[in-house]
Each structure stands twice: as structure tokens, then as C-alpha cells.
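data-v2.pdb follows; it contains PDB, C-alpha atoms and all ligand atoms.
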ATOM      1  CA  MET A   1     251.602 -42.073 244.177
ATOM      2  CA  ASN A   2     247.964 -42.358 243.123
ATOM      3  CA  ILE A   3     246.981 -40.624 239.911
ATOM      4  CA  ILE A   4     243.290 -40.943 240.849
ATOM      5  CA  GLU A   5     241.825 -40.921 244.340
ATOM      6  CA  THR A   6     238.212 -40.732 245.324
ATOM      7  CA  GLU A   7     236.744 -40.449 248.802
ATOM      8  CA  LYS A   8     233.096 -41.300 249.382
ATOM      9  CA  LEU A   9     232.421 -40.144 245.839
ATOM     10  CA  SER A  10     228.688 -40.077 245.151
ATOM     11  CA  ARG A  11     226.632 -39.002 242.184
ATOM     12  CA  ARG A  12     222.859 -38.981 242.008
ATOM     13  CA  PHE A  13     220.613 -38.425 239.005
ATOM     14  CA  GLY A  14     217.230 -37.519 240.499
ATOM     15  CA  HIS A  15     216.258 -40.494 242.655
ATOM     16  CA  VAL A  16     218.929 -42.781 241.086
ATOM     17  CA  THR A  17     222.161 -43.143 243.038
ATOM     18  CA  ALA A  18     224.639 -43.921 240.260
ATOM     19  CA  LEU A  19     227.706 -43.748 242.566
ATOM     20  CA  ASN A  20     227.453 -44.468 246.257
ATOM     21  CA  GLU A  21     230.429 -43.460 248.441
ATOM     22  CA  VAL A  22     233.077 -44.823 246.104
ATOM     23  CA  ASP A  23     236.631 -44.994 247.493
ATOM     24  CA  LEU A  24     239.039 -45.723 244.665
ATOM     25  CA  SER A  25     242.829 -45.376 244.467
ATOM     26  CA  VAL A  26     244.485 -45.826 241.103
ATOM     27  CA  PRO A  27     248.287 -46.029 241.395
ATOM     28  CA  ASN A  28     250.409 -44.200 238.854
ATOM     29  CA  GLY A  29     251.471 -46.554 236.056
ATOM     30  CA  SER A  30     248.794 -49.167 236.737
ATOM     31  CA  ILE A  31     246.356 -50.711 234.277
ATOM     32  CA  TYR A  32     243.188 -50.558 236.336
ATOM     33  CA  ALA A  33     239.927 -52.192 235.245
ATOM     34  CA  LEU A  34     236.394 -51.422 236.414
ATOM     35  CA  LEU A  35     234.116 -54.419 236.047
ATOM     36  CA  GLY A  36     230.401 -54.330 236.665
ATOM     37  CA  PRO A  37     227.026 -55.227 235.222
ATOM     38  CA  ASN A  38     224.883 -52.841 233.164
ATOM     39  CA  GLY A  39     223.934 -49.778 235.191
ATOM     40  CA  ALA A  40     226.618 -50.397 237.859
ATOM     41  CA  GLY A  41     227.913 -46.828 237.534
ATOM     42  CA  LYS A  42     231.096 -47.362 235.499
ATOM     43  CA  THR A  43     230.412 -44.646 232.922
ATOM     44  CA  THR A  44     229.224 -42.240 235.614
ATOM     45  CA  LEU A  45     232.447 -42.820 237.553
ATOM     46  CA  LEU A  46     234.635 -42.174 234.500
ATOM     47  CA  GLU A  47     232.608 -39.128 233.484
ATOM     48  CA  THR A  48     232.739 -37.711 237.019
ATOM     49  CA  LEU A  49     236.531 -38.146 237.040
ATOM     50  CA  LEU A  50     236.638 -36.159 233.787
ATOM     51  CA  ASN A  51     234.523 -33.377 235.301
ATOM     52  CA  LEU A  52     231.637 -34.097 232.930
ATOM     53  CA  TRP A  53     229.482 -34.413 236.088
ATOM     54  CA  PRO A  54     230.176 -32.786 239.452
ATOM     55  CA  PRO A  55     229.952 -35.188 242.418
ATOM     56  CA  THR A  56     226.810 -34.742 244.522
ATOM     57  CA  ALA A  57     228.912 -35.713 247.571
ATOM     58  CA  GLY A  58     232.479 -36.760 248.281
ATOM     59  CA  VAL A  59     235.524 -35.851 246.283
ATOM     60  CA  ALA A  60     237.615 -37.090 243.362
ATOM     61  CA  ARG A  61     241.212 -36.056 242.756
ATOM     62  CA  VAL A  62     242.695 -36.623 239.317
ATOM     63  CA  LEU A  63     246.367 -35.792 238.643
ATOM     64  CA  GLY A  64     246.324 -34.220 242.094
ATOM     65  CA  CYS A  65     243.480 -31.831 241.182
ATOM     66  CA  ASP A  66     239.892 -31.790 242.487
ATOM     67  CA  SER A  67     237.792 -33.132 239.587
ATOM     68  CA  ARG A  68     235.572 -30.023 239.772
ATOM     69  CA  GLN A  69     238.624 -27.869 239.039
ATOM     70  CA  LEU A  70     239.905 -29.924 236.086
ATOM     71  CA  GLY A  71     240.607 -27.607 233.185
ATOM     72  CA  PRO A  72     242.606 -27.547 229.956
ATOM     73  CA  GLY A  73     245.916 -27.788 231.892
ATOM     74  CA  GLN A  74     245.041 -31.226 233.321
ATOM     75  CA  LEU A  75     242.851 -32.437 230.446
ATOM     76  CA  ALA A  76     245.836 -31.952 228.112
ATOM     77  CA  HIS A  77     247.341 -35.022 229.847
ATOM     78  CA  ILE A  78     244.242 -37.203 229.826
ATOM     79  CA  GLY A  79     243.210 -39.320 226.847
ATOM     80  CA  TYR A  80     239.610 -40.531 226.665
ATOM     81  CA  VAL A  81     238.001 -43.063 224.380
ATOM     82  CA  SER A  82     234.418 -44.179 224.808
ATOM     83  CA  GLU A  83     232.193 -46.269 222.582
ATOM     84  CA  ASN A  84     229.588 -43.512 223.000
ATOM     85  CA  GLN A  85     231.930 -40.620 222.217
ATOM     86  CA  LEU A  86     230.239 -37.944 220.164
ATOM     87  CA  VAL A  87     232.081 -36.642 217.114
ATOM     88  CA  ASP A  88     230.552 -34.456 214.416
ATOM     89  CA  ASP A  89     229.782 -37.049 211.748
ATOM     90  CA  ARG A  90     230.525 -34.594 208.932
ATOM     91  CA  LEU A  91     234.128 -34.180 210.099
ATOM     92  CA  LYS A  92     236.867 -35.897 208.093
ATOM     93  CA  VAL A  93     239.428 -37.913 210.094
ATOM     94  CA  ALA A  94     242.182 -35.532 208.909
ATOM     95  CA  GLY A  95     240.211 -32.512 210.202
ATOM     96  CA  PHE A  96     239.474 -34.255 213.496
ATOM     97  CA  LEU A  97     243.194 -34.958 214.044
ATOM     98  CA  THR A  98     244.133 -31.366 213.119
ATOM     99  CA  PHE A  99     241.640 -30.147 215.736
ATOM    100  CA  ALA A 100     242.983 -32.578 218.375
ATOM    101  CA  ARG A 101     246.612 -31.625 217.596
ATOM    102  CA  GLY A 102     245.836 -28.038 218.628
ATOM    103  CA  LEU A 103     244.568 -29.126 222.065
ATOM    104  CA  TYR A 104     247.617 -31.026 223.277
ATOM    105  CA  PRO A 105     251.033 -29.338 223.700
ATOM    106  CA  THR A 106     252.713 -32.761 224.015
ATOM    107  CA  TRP A 107     251.354 -33.987 220.637
ATOM    108  CA  ASP A 108     253.942 -36.283 218.981
ATOM    109  CA  SER A 109     253.506 -35.978 215.197
ATOM    110  CA  GLN A 110     255.802 -38.926 214.511
ATOM    111  CA  LEU A 111     253.701 -41.131 216.756
ATOM    112  CA  GLU A 112     250.531 -39.799 215.081
ATOM    113  CA  GLN A 113     251.920 -40.775 211.648
ATOM    114  CA  LYS A 114     252.891 -44.214 212.928
ATOM    115  CA  LEU A 115     249.431 -44.799 214.409
ATOM    116  CA  ILE A 116     247.712 -43.601 211.205
ATOM    117  CA  HIS A 117     249.856 -46.136 209.329
ATOM    118  CA  ASP A 118     249.425 -49.010 211.828
ATOM    119  CA  PHE A 119     245.693 -48.478 212.393
ATOM    120  CA  GLU A 120     245.000 -48.061 208.649
ATOM    121  CA  VAL A 121     242.466 -45.284 209.105
ATOM    122  CA  PRO A 122     241.501 -43.437 205.884
ATOM    123  CA  LEU A 123     242.150 -39.745 206.604
ATOM    124  CA  GLU A 124     239.854 -38.520 203.821
ATOM    125  CA  TYR A 125     236.777 -40.357 205.191
ATOM    126  CA  ARG A 126     234.104 -38.468 207.093
ATOM    127  CA  PHE A 127     233.181 -39.967 210.475
ATOM    128  CA  LYS A 128     229.777 -41.044 209.121
ATOM    129  CA  GLU A 129     231.596 -43.124 206.477
ATOM    130  CA  LEU A 130     233.757 -45.031 208.952
ATOM    131  CA  SER A 131     233.029 -48.564 210.110
ATOM    132  CA  ARG A 132     232.783 -49.011 213.888
ATOM    133  CA  GLY A 133     236.323 -50.402 214.035
ATOM    134  CA  MET A 134     237.761 -47.546 211.932
ATOM    135  CA  ARG A 135     235.941 -45.006 214.113
ATOM    136  CA  ILE A 136     237.368 -46.435 217.335
ATOM    137  CA  ARG A 137     240.854 -46.555 215.809
ATOM    138  CA  ALA A 138     240.544 -42.893 214.715
ATOM    139  CA  LEU A 139     239.575 -41.968 218.294
ATOM    140  CA  PHE A 140     242.567 -43.929 219.606
ATOM    141  CA  ILE A 141     244.964 -42.073 217.283
ATOM    142  CA  ALA A 142     243.810 -38.789 218.827
ATOM    143  CA  ALA A 143     243.888 -40.170 222.393
ATOM    144  CA  LEU A 144     247.365 -41.726 222.119
ATOM    145  CA  SER A 145     249.308 -39.253 219.942
ATOM    146  CA  PHE A 146     249.953 -36.848 222.817
ATOM    147  CA  ARG A 147     251.278 -39.647 225.047
ATOM    148  CA  PRO A 148     248.717 -39.082 227.830
ATOM    149  CA  ARG A 149     249.697 -39.613 231.444
ATOM    150  CA  LEU A 150     246.236 -41.044 232.036
ATOM    151  CA  LEU A 151     244.086 -42.905 229.528
ATOM    152  CA  ILE A 152     240.421 -43.345 230.424
ATOM    153  CA  LEU A 153     238.671 -45.975 228.332
ATOM    154  CA  ASP A 154     234.942 -46.710 228.483
ATOM    155  CA  GLU A 155     234.198 -50.031 226.756
ATOM    156  CA  PRO A 156     236.417 -48.985 223.861
ATOM    157  CA  PHE A 157     236.690 -52.432 222.295
ATOM    158  CA  GLY A 158     232.977 -53.340 222.417
ATOM    159  CA  GLY A 159     231.590 -54.505 219.084
ATOM    160  CA  LEU A 160     235.020 -55.025 217.496
ATOM    161  CA  ASP A 161     235.934 -58.357 215.983
ATOM    162  CA  PRO A 162     238.215 -60.468 218.230
ATOM    163  CA  LEU A 163     241.304 -59.995 216.049
ATOM    164  CA  MET A 164     240.952 -56.219 216.004
ATOM    165  CA  ARG A 165     240.169 -56.197 219.716
ATOM    166  CA  ASP A 166     243.343 -58.086 220.518
ATOM    167  CA  GLU A 167     245.552 -56.022 218.216
ATOM    168  CA  LEU A 168     244.198 -52.708 219.447
ATOM    169  CA  ALA A 169     244.382 -53.717 223.109
ATOM    170  CA  ALA A 170     247.996 -54.897 222.657
ATOM    171  CA  LYS A 171     249.003 -51.625 220.946
ATOM    172  CA  VAL A 172     247.339 -49.495 223.620
ATOM    173  CA  LEU A 173     249.093 -51.483 226.363
ATOM    174  CA  ASP A 174     252.486 -51.286 224.611
ATOM    175  CA  LEU A 175     252.235 -47.524 224.314
ATOM    176  CA  ALA A 176     251.042 -47.012 227.878
ATOM    177  CA  GLN A 177     253.865 -49.176 229.211
ATOM    178  CA  GLU A 178     256.470 -47.466 227.005
ATOM    179  CA  ASP A 179     255.515 -44.100 228.531
ATOM    180  CA  GLY A 180     254.754 -45.299 232.082
ATOM    181  CA  GLY A 181     251.157 -44.094 231.579
ATOM    182  CA  THR A 182     248.124 -45.195 233.581
ATOM    183  CA  ILE A 183     245.002 -46.750 232.098
ATOM    184  CA  LEU A 184     241.583 -46.809 233.746
ATOM    185  CA  LEU A 185     239.328 -49.085 231.733
ATOM    186  CA  ALA A 186     235.621 -49.885 232.128
ATOM    187  CA  SER A 187     234.680 -53.209 230.639
ATOM    188  CA  HIS A 188     232.222 -56.093 230.653
ATOM    189  CA  ASP A 189     234.783 -58.447 229.183
ATOM    190  CA  VAL A 190     236.424 -60.243 232.103
ATOM    191  CA  ASP A 191     238.830 -62.214 229.886
ATOM    192  CA  GLU A 192     240.076 -58.984 228.347
ATOM    193  CA  VAL A 193     240.497 -57.451 231.799
ATOM    194  CA  GLU A 194     242.469 -60.486 232.979
ATOM    195  CA  ARG A 195     244.771 -60.159 229.960
ATOM    196  CA  MET A 196     245.232 -56.387 230.138
ATOM    197  CA  ALA A 197     244.918 -55.135 233.701
ATOM    198  CA  ASP A 198     246.970 -55.497 236.866
ATOM    199  CA  ARG A 199     244.287 -54.145 239.206
ATOM    200  CA  VAL A 200     240.531 -54.481 239.263
ATOM    201  CA  ALA A 201     237.502 -53.056 241.043
ATOM    202  CA  PHE A 202     234.072 -54.711 240.949
ATOM    203  CA  LEU A 203     231.394 -52.040 240.862
ATOM    204  CA  GLU A 204     227.790 -52.946 241.618
ATOM    205  CA  SER A 205     224.814 -50.619 242.164
ATOM    206  CA  GLY A 206     227.200 -47.683 242.454
ATOM    207  CA  ARG A 207     229.314 -49.338 245.173
ATOM    208  CA  ILE A 208     232.736 -50.947 245.049
ATOM    209  CA  ARG A 209     232.420 -54.563 246.185
ATOM    210  CA  LEU A 210     236.083 -55.418 245.835
ATOM    211  CA  ALA A 211     239.208 -53.539 244.725
ATOM    212  CA  ASP A 212     242.680 -55.042 244.645
ATOM    213  CA  SER A 213     245.474 -56.299 242.422
ATOM    214  CA  ILE A 214     244.292 -59.135 240.175
ATOM    215  CA  GLU A 215     247.016 -61.333 241.659
ATOM    216  CA  SER A 216     245.689 -60.753 245.154
ATOM    217  CA  VAL A 217     242.021 -61.160 244.135
ATOM    218  CA  CYS A 218     242.804 -64.512 242.472
ATOM    219  CA  GLY A 219     245.045 -65.587 245.373
ATOM    220  CA  ARG A 220     242.325 -64.908 247.951
ATOM    221  CA  HIS A 221     239.395 -66.630 246.207
ATOM    222  CA  VAL A 222     239.493 -70.413 246.285
ATOM    223  CA  LYS A 223     236.703 -72.901 245.583
ATOM    224  CA  VAL A 224     236.303 -75.453 248.376
ATOM    225  CA  VAL A 225     234.323 -78.679 247.962
ATOM    226  CA  ALA A 226     234.107 -81.024 250.947
ATOM    227  CA  ARG A 227     232.400 -84.345 251.514
ATOM    228  CA  LEU A 228     231.474 -84.630 255.153
ATOM    229  CA  ALA A 229     232.112 -87.921 256.900
ATOM    230  CA  LYS A 230     228.484 -88.645 257.718
ATOM    231  CA  ALA A 231     225.605 -88.565 255.279
ATOM    232  CA  THR A 232     223.505 -87.243 258.129
ATOM    233  CA  ALA A 233     225.973 -84.459 258.820
ATOM    234  CA  PRO A 234     224.621 -81.496 260.752
ATOM    235  CA  ALA A 235     224.482 -78.165 258.947
ATOM    236  CA  VAL A 236     227.901 -76.539 258.768
ATOM    237  CA  ALA A 237     228.226 -73.152 260.491
ATOM    238  CA  LYS A 238     228.782 -70.890 257.529
ATOM    239  CA  ARG A 239     231.315 -68.059 257.754
ATOM    240  CA  GLU A 240     230.882 -64.584 256.353
ATOM    241  CA  SER A 241     233.963 -64.954 254.145
ATOM    242  CA  TRP A 242     232.470 -68.011 252.389
ATOM    243  CA  LEU A 243     230.607 -66.926 249.282
ATOM    244  CA  GLY A 244     227.957 -68.941 247.456
ATOM    245  CA  PHE A 245     227.790 -71.439 250.319
ATOM    246  CA  ARG A 246     225.776 -74.586 249.539
ATOM    247  CA  GLN A 247     225.232 -77.739 251.524
ATOM    248  CA  GLU A 248     223.429 -80.652 249.936
ATOM    249  CA  GLY A 249     223.502 -83.641 252.263
ATOM    250  CA  GLU A 250     227.139 -84.327 252.997
ATOM    251  CA  ILE A 251     228.491 -82.181 250.140
ATOM    252  CA  VAL A 252     229.486 -78.649 251.049
ATOM    253  CA  SER A 253     230.779 -76.119 248.525
ATOM    254  CA  PHE A 254     231.654 -72.449 248.643
ATOM    255  CA  VAL A 255     234.219 -69.876 247.569
ATOM    256  CA  THR A 256     236.474 -68.761 250.384
ATOM    257  CA  THR A 257     237.769 -65.201 250.444
ATOM    258  CA  GLN A 258     239.894 -65.557 253.565
ATOM    259  CA  SER A 259     243.136 -63.641 253.484
ATOM    260  CA  VAL A 260     245.122 -66.740 254.512
ATOM    261  CA  ARG A 261     245.980 -69.214 251.764
ATOM    262  CA  ALA A 262     243.501 -72.088 251.434
ATOM    263  CA  GLU A 263     246.283 -74.698 251.867
ATOM    264  CA  SER A 264     247.083 -73.413 255.326
ATOM    265  CA  VAL A 265     243.501 -73.622 256.638
ATOM    266  CA  ASP A 266     242.553 -76.564 258.857
ATOM    267  CA  TRP A 267     239.422 -77.432 256.902
ATOM    268  CA  GLU A 268     238.735 -80.483 259.099
ATOM    269  CA  GLN A 269     238.327 -78.123 262.004
ATOM    270  CA  GLU A 270     236.435 -75.500 260.013
ATOM    271  CA  LEU A 271     233.912 -77.936 258.590
ATOM    272  CA  GLY A 272     233.771 -80.642 261.238
ATOM    273  CA  ALA A 273     234.703 -84.189 260.245
ATOM    274  CA  ALA A 274     235.290 -84.239 256.491
ATOM    275  CA  ALA A 275     235.997 -87.389 254.482
ATOM    276  CA  SER A 276     237.555 -85.449 251.607
ATOM    277  CA  ILE A 277     238.274 -81.836 250.805
ATOM    278  CA  THR A 278     239.384 -80.356 247.493
ATOM    279  CA  THR A 279     240.382 -76.759 246.892
ATOM    280  CA  ALA A 280     240.817 -75.180 243.465
ATOM    281  CA  PRO A 281     241.850 -71.729 242.295
ATOM    282  CA  LEU A 282     239.281 -69.685 240.374
ATOM    283  CA  SER A 283     239.662 -67.592 237.255
ATOM    284  CA  LEU A 284     238.875 -63.874 237.503
ATOM    285  CA  LYS A 285     235.702 -64.593 235.526
ATOM    286  CA  GLU A 286     234.511 -67.190 238.061
ATOM    287  CA  ILE A 287     235.297 -64.799 240.923
ATOM    288  CA  TYR A 288     233.477 -61.947 239.214
ATOM    289  CA  LEU A 289     230.446 -64.137 238.487
ATOM    290  CA  THR A 290     230.354 -65.350 242.105
ATOM    291  CA  HIS A 291     230.195 -61.755 243.368
ATOM    292  CA  ALA A 292     227.744 -60.705 240.631
ATOM    293  CA  ARG A 293     225.345 -63.576 241.506
ATOM    294  CA  ILE A 294     225.472 -62.739 245.202
ATOM    295  CA  ALA A 295     224.840 -59.053 244.470
ATOM    296  CA  GLN A 296     221.910 -59.997 242.249
ATOM    297  CA  ALA A 297     220.454 -62.225 244.983
ATOM    298  CA  GLU A 298     220.863 -59.395 247.520
ATOM    299  CA  ARG A 299     219.099 -56.991 245.149
ATOM    300  CA  ASN A 300     216.237 -59.435 244.679
ATOM    301  CA  GLU A 301     215.890 -59.849 248.449
ATOM    302  CA  SER A 302     215.749 -56.122 249.187
TER
HETATM  303  P1  LIG B 401     226.604 -49.997 231.256
HETATM  304  O1  LIG B 401     227.544 -51.115 231.530
HETATM  305  O2  LIG B 401     225.244 -50.464 230.872
HETATM  306  O3  LIG B 401     227.169 -48.966 230.320
HETATM  307  P2  LIG B 401     227.316 -48.438 233.591
HETATM  308  O4  LIG B 401     227.928 -49.312 234.614
HETATM  309  O5  LIG B 401     228.249 -47.611 232.764
HETATM  310  O6  LIG B 401     226.335 -49.267 232.676
HETATM  311  P3  LIG B 401     226.011 -45.930 234.173
HETATM  312  O7  LIG B 401     225.783 -45.599 232.737
HETATM  313  O8  LIG B 401     227.041 -45.162 234.891
HETATM  314  O9  LIG B 401     226.276 -47.488 234.368
HETATM  315  O10 LIG B 401     224.612 -45.758 234.918
HETATM  316  C1  LIG B 401     224.493 -45.893 236.331
HETATM  317  C2  LIG B 401     223.091 -45.490 236.723
HETATM  318  O11 LIG B 401     222.928 -44.083 236.563
HETATM  319  C3  LIG B 401     221.988 -46.133 235.876
HETATM  320  O12 LIG B 401     220.896 -46.421 236.725
HETATM  321  C4  LIG B 401     221.630 -45.055 234.890
HETATM  322  O13 LIG B 401     220.282 -45.177 234.481
HETATM  323  C5  LIG B 401     221.849 -43.789 235.688
HETATM  324  N1  LIG B 401     222.279 -42.664 234.842
HETATM  325  C6  LIG B 401     223.453 -42.544 234.192
HETATM  326  N2  LIG B 401     223.518 -41.375 233.529
HETATM  327  C7  LIG B 401     222.345 -40.732 233.763
HETATM  328  C8  LIG B 401     221.810 -39.473 233.373
HETATM  329  N3  LIG B 401     222.479 -38.631 232.604
HETATM  330  N4  LIG B 401     220.569 -39.149 233.805
HETATM  331  C9  LIG B 401     219.866 -39.990 234.608
HETATM  332  N5  LIG B 401     220.322 -41.194 235.016
HETATM  333  C10 LIG B 401     221.547 -41.561 234.603
END
What is this file in C-alpha cells?
Ligand code: ATP
Amino acid sequence: MNIIETEKLSRRFGHVTALNEVDLSVPNGSIYALLGPNGAGKTTLLETLLNLWPPTAGVARVLGCDSRQLGPGQLAHIGYVSENQLVDDRLKVAGFLTFARGLYPTWDSQLEQKLIHDFEVPLEYRFKELSRGMRIRALFIAALSFRPRLLILDEPFGGLDPLMRDELAAKVLDLAQEDGGTILLASHDVDEVERMADRVAFLESGRIRLADSIESVCGRHVKVVARLAKATAPAVAKRESWLGFRQEGEIVSFVTTQSVRAESVDWEQELGAAASITTAPLSLKEIYLTHARIAQAERNES
């Protein structure tokens, strides 16, 4: 079952199309990452799913409910942490948690106490007195203590030191997996996504370029470098599924996205006579950068 489903979800702000016919399916229990450059529409997508913005076209269903109808009943099962989250700076952490406790019928006080202890957040501090790391951890205590079915995270680890990032990410994952919860995470940090998530969508200019399990994305993208037999080789007929295609003299390189495994392709036939061919798997970061560069080139052309 999918805990989130969108169909041709679009959101405009004046003349800016922040989301453009987004189709996204987030399976229950998955750790799903949204990757995309600045301005790609990640925050708008998350905020639309939370009914902070109505779609201008299309539909989003969250926990089986149209996003425009989301109310306290559904929001009581959704945790949200964003680096831009607004909290009254005069509020003490203790007061903030008391307020949050009243919103969520499933609040687990034992878990809250454990998180307060593990995250070492000073309850008597006002929000304005907290460091960035303490502030994020205080927000996580509130978002995790009611064991949400769905956790929506918008760049929650940005600006944290690497040790804290790792520890916090590991704790959040442990808890989500313990409860069979789902996480939808927007991030710029591809390494973090590769460590945390099992599914990924690349968002660019409000559109989804690619959405799949990370295993499948990495299995389908392979770097191919071939040396053609003749230095005077004719230009190779490039295929649509070859990204970043370059031919310099007899050297041809590209990233193939064919659904068949690279080992089973007859590259000799695909490329014409080739003296040598090497294929190599790519990391998620290399795959993401390949798509991001192509998208940037397309934007510059248009
Ligand atoms: P970043 O990684 O920089 O946080 P993002 O992928 O989260 O970016 P969004 O913040 O969703 O991107 O922005 C997508 C587009 O929508 C941008 O062009 C942005 O300027 C525009 N936008 C977002 N919110 C608003 C708003 N409230 N009013 C007008 N335009 C907006």
C-alpha cells in the first residue's frame, strides 16, 4: 500500500511553476528521499502534502486522504521536521513539548523521556538560547515521541556537524524501522540519502526525472567507455538512453540507463567495431550529478 500518492500534482506561485505534474508513490514502510537542486520544488512538494498549500492542479493523497482534507485526525500521525520550522523563540523546550504532547493521542511519554536523555536537550532553555543542533534535536523529540506513521523531513540535518548528523540520522532510522513507519526526506546530501533511504526521486524544475528503488537506479546506470577500432571512426549513433554521451576521436563514453544489465549488451554491435570496452557501476552521487548536469544543460538551451 502507498502511504503517499500524487497524480499530476502541480503548484504554481504566480508565474513560477514550483511543481509540474508530479506523480509520486511512496510505499508504506519505505525510507524515501527527494533529491534536487535549489529551487527544484522539494519544500513545496512536502508542504503541499501537509496541506500547507493547496495544489493548483492534480491531487495528493496522504494516509489515504486528499491533502486538501487533511485535518487533526491525520496530522496526529504525521511528524514533520524542517530546518526552517518556525517556533516561538521565547518558548522553553519543556513548554514546547507539553504543547506537542497535547496534540498527539499516541504520545509515548517513556519514549519522550528516553529521547530527552539521548539527545541531551536542556528542557529549561528557551528556543532562542538553543544552538542549531539542540534546536533540531528538540524538534525531533516532538516529532518522534508519538511514533508517527509518516515522518516528513525537510533538510533536517543541514548545518549539523558530521558526528551529530550521523547519530541523529541513525536514531531516526532505528525508530522508524522499529515502528514500521515511513520517512519522506528532502535532502541535498546524496551520500546521506544513499546511507539512509531505500527509494529515491530526482526532482528538477518541479518535475520528477527519475523515481525508483536505489538498488534499481544504481543497477540501471552504468558508465561505458569504449575505444573504437579505428582512429578515424565514424560518429557513433547515439541512443536516447545514453546520458552524457561524448565522442572524442576513437574514445566514446556515456552513462547507459538501459533496463537490461550492461554485461548482457552486445556493445560491439551497439558501437560498431570496438577495440576495448569497459563498463563500471556508478555511485548514486555520480548518477545524480549526471542527471543534474543534463537538466542544467537543457535549461540553458531553452
Ligand atoms: P531548496 O533546495 O533551495 O530549499 P526546493 O527544492 O525546496 O529548494 P522550493 O522551495 O520548493 O524548492 O521552491 C520551488 C520554486 O517555488 C522556487 O522557484 C521558489 O522560488 C518558488 N516558491 C516556493 N515557495 C514560494 C512562495 N511561497 N511564493 C512564491 N514562490 C515560491
To test your reading of the syntax: which residues would the PyMOL selection byres (((not hetatm)) within 9 of (chain B and resi 401)) return for the file shown? Reply as a ChimeraX atom specification.
/A:11-19,34-47,53,154-155,186-188,203-206
Mind checking which residues fall within 12 Å of Leu210 of chain A, counting all atoms listed in the file, ignoring those fewer than 6 positions away in the same chain, and posting them as a PyMOL selection string?
chain A and resi 22-24+33-36+199-204+216-218+220-221+257+287-288+291-292+295
List the spatial neighbours of Arg68 of chain A as JSON, numbers by chain - criterion: any atom at most 10 Å away, only C-alpha atoms, same-chain residues fewer than 4 positions off excluded.
{"A": [48, 49, 50, 51, 52, 53, 54, 55, 59, 60, 61, 62]}
Excluding Ser25 of chain A and residues on its chain fewer than 6 positions from it, collect all residues at most 10 Å away from it, counting all atoms listed in the file, and give them as a VMD selection string.
chain A and resid 1 to 7 32 60 to 61 201 211 to 212
Calculated over all atoms listed in the file, which of the candidates A:Thr256, A:Gln269, A:Asn20, A:Thr290 has the smallest distance to Gly219 of chain A?
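Among the listed residues, the smallest separation from Gly219 of chain A belongs to A:Thr256.
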Could you check which of A:Leu243, A:Leu86, A:Val172, A:Ala100 is closest to Ala297 of chain A, using only C-alpha atoms?
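Counting only C-alpha atoms, the residue closest to Ala297 of chain A is A:Leu243.
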Could you name the residues that touch Ile116 of chain A at 12 Å or less, counting only C-alpha atoms, but leaving out those on the same chain fewer than 2 positions away, as number ranges by chain?
A: 93-94, 97, 109-114, 118-124, 134, 137-142, 144-145
Would you export the selected residues with C-alpha atoms as an mmCIF file, in the coordinates of the input, please?
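Below you can see result-v3.cif, which holds the result:
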data_model
loop_
_atom_site.group_PDB
_atom_site.id
_atom_site.type_symbol
_atom_site.label_atom_id
_atom_site.label_comp_id
_atom_site.auth_asym_id
_atom_site.auth_seq_id
_atom_site.Cartn_x
_atom_site.Cartn_y
_atom_site.Cartn_z
ATOM 1 C CA VAL A 93 239.428 -37.913 210.094
ATOM 2 C CA ALA A 94 242.182 -35.532 208.909
ATOM 3 C CA LEU A 97 243.194 -34.958 214.044
ATOM 4 C CA SER A 109 253.506 -35.978 215.197
ATOM 5 C CA GLN A 110 255.802 -38.926 214.511
ATOM 6 C CA LEU A 111 253.701 -41.131 216.756
ATOM 7 C CA GLU A 112 250.531 -39.799 215.081
ATOM 8 C CA GLN A 113 251.920 -40.775 211.648
ATOM 9 C CA LYS A 114 252.891 -44.214 212.928
ATOM 10 C CA ASP A 118 249.425 -49.010 211.828
ATOM 11 C CA PHE A 119 245.693 -48.478 212.393
ATOM 12 C CA GLU A 120 245.000 -48.061 208.649
ATOM 13 C CA VAL A 121 242.466 -45.284 209.105
ATOM 14 C CA PRO A 122 241.501 -43.437 205.884
ATOM 15 C CA LEU A 123 242.150 -39.745 206.604
ATOM 16 C CA GLU A 124 239.854 -38.520 203.821
ATOM 17 C CA MET A 134 237.761 -47.546 211.932
ATOM 18 C CA ARG A 137 240.854 -46.555 215.809
ATOM 19 C CA ALA A 138 240.544 -42.893 214.715
ATOM 20 C CA LEU A 139 239.575 -41.968 218.294
ATOM 21 C CA PHE A 140 242.567 -43.929 219.606
ATOM 22 C CA ILE A 141 244.964 -42.073 217.283
ATOM 23 C CA ALA A 142 243.810 -38.789 218.827
ATOM 24 C CA LEU A 144 247.365 -41.726 222.119
ATOM 25 C CA SER A 145 249.308 -39.253 219.942
#
Name the residues captured by the PyMOL selection byres (((chain A and resi 88) around 12) and not hetatm) when it is applied to the shown file; answer as a list in words.
Gln85, Leu86, Val87, Asp89, Arg90, Leu91, Lys92, Val93, Gly95, Phe96, Phe99, Arg126, Phe127, Lys128, Glu129 and Arg135 of chain A
What gap, in Å, lies between atom CA of Leu271 of chain A and atom CA of Phe245 of chain A?
12.2 Å
For Glu194 of chain A, which residue among A:Ala176, A:Ile214, A:Ala226, A:Leu163 is the nearest when counting only C-alpha atoms?
A:Ile214
Distance criterion (only C-alpha atoms): nearest to Arg147 of chain A out of A:Ile78, A:Met196, A:Ile277, A:Leu63:
A:Ile78
To test your reading of the syntax: which residues would the PyMOL selection byres (((chain A and resi 195) around 12) and not hetatm) return for the file shown? Reply as a PyMOL selection string.
chain A and resi 31-33+165-166+169-170+173+189-194+196-200+214-215+283-285
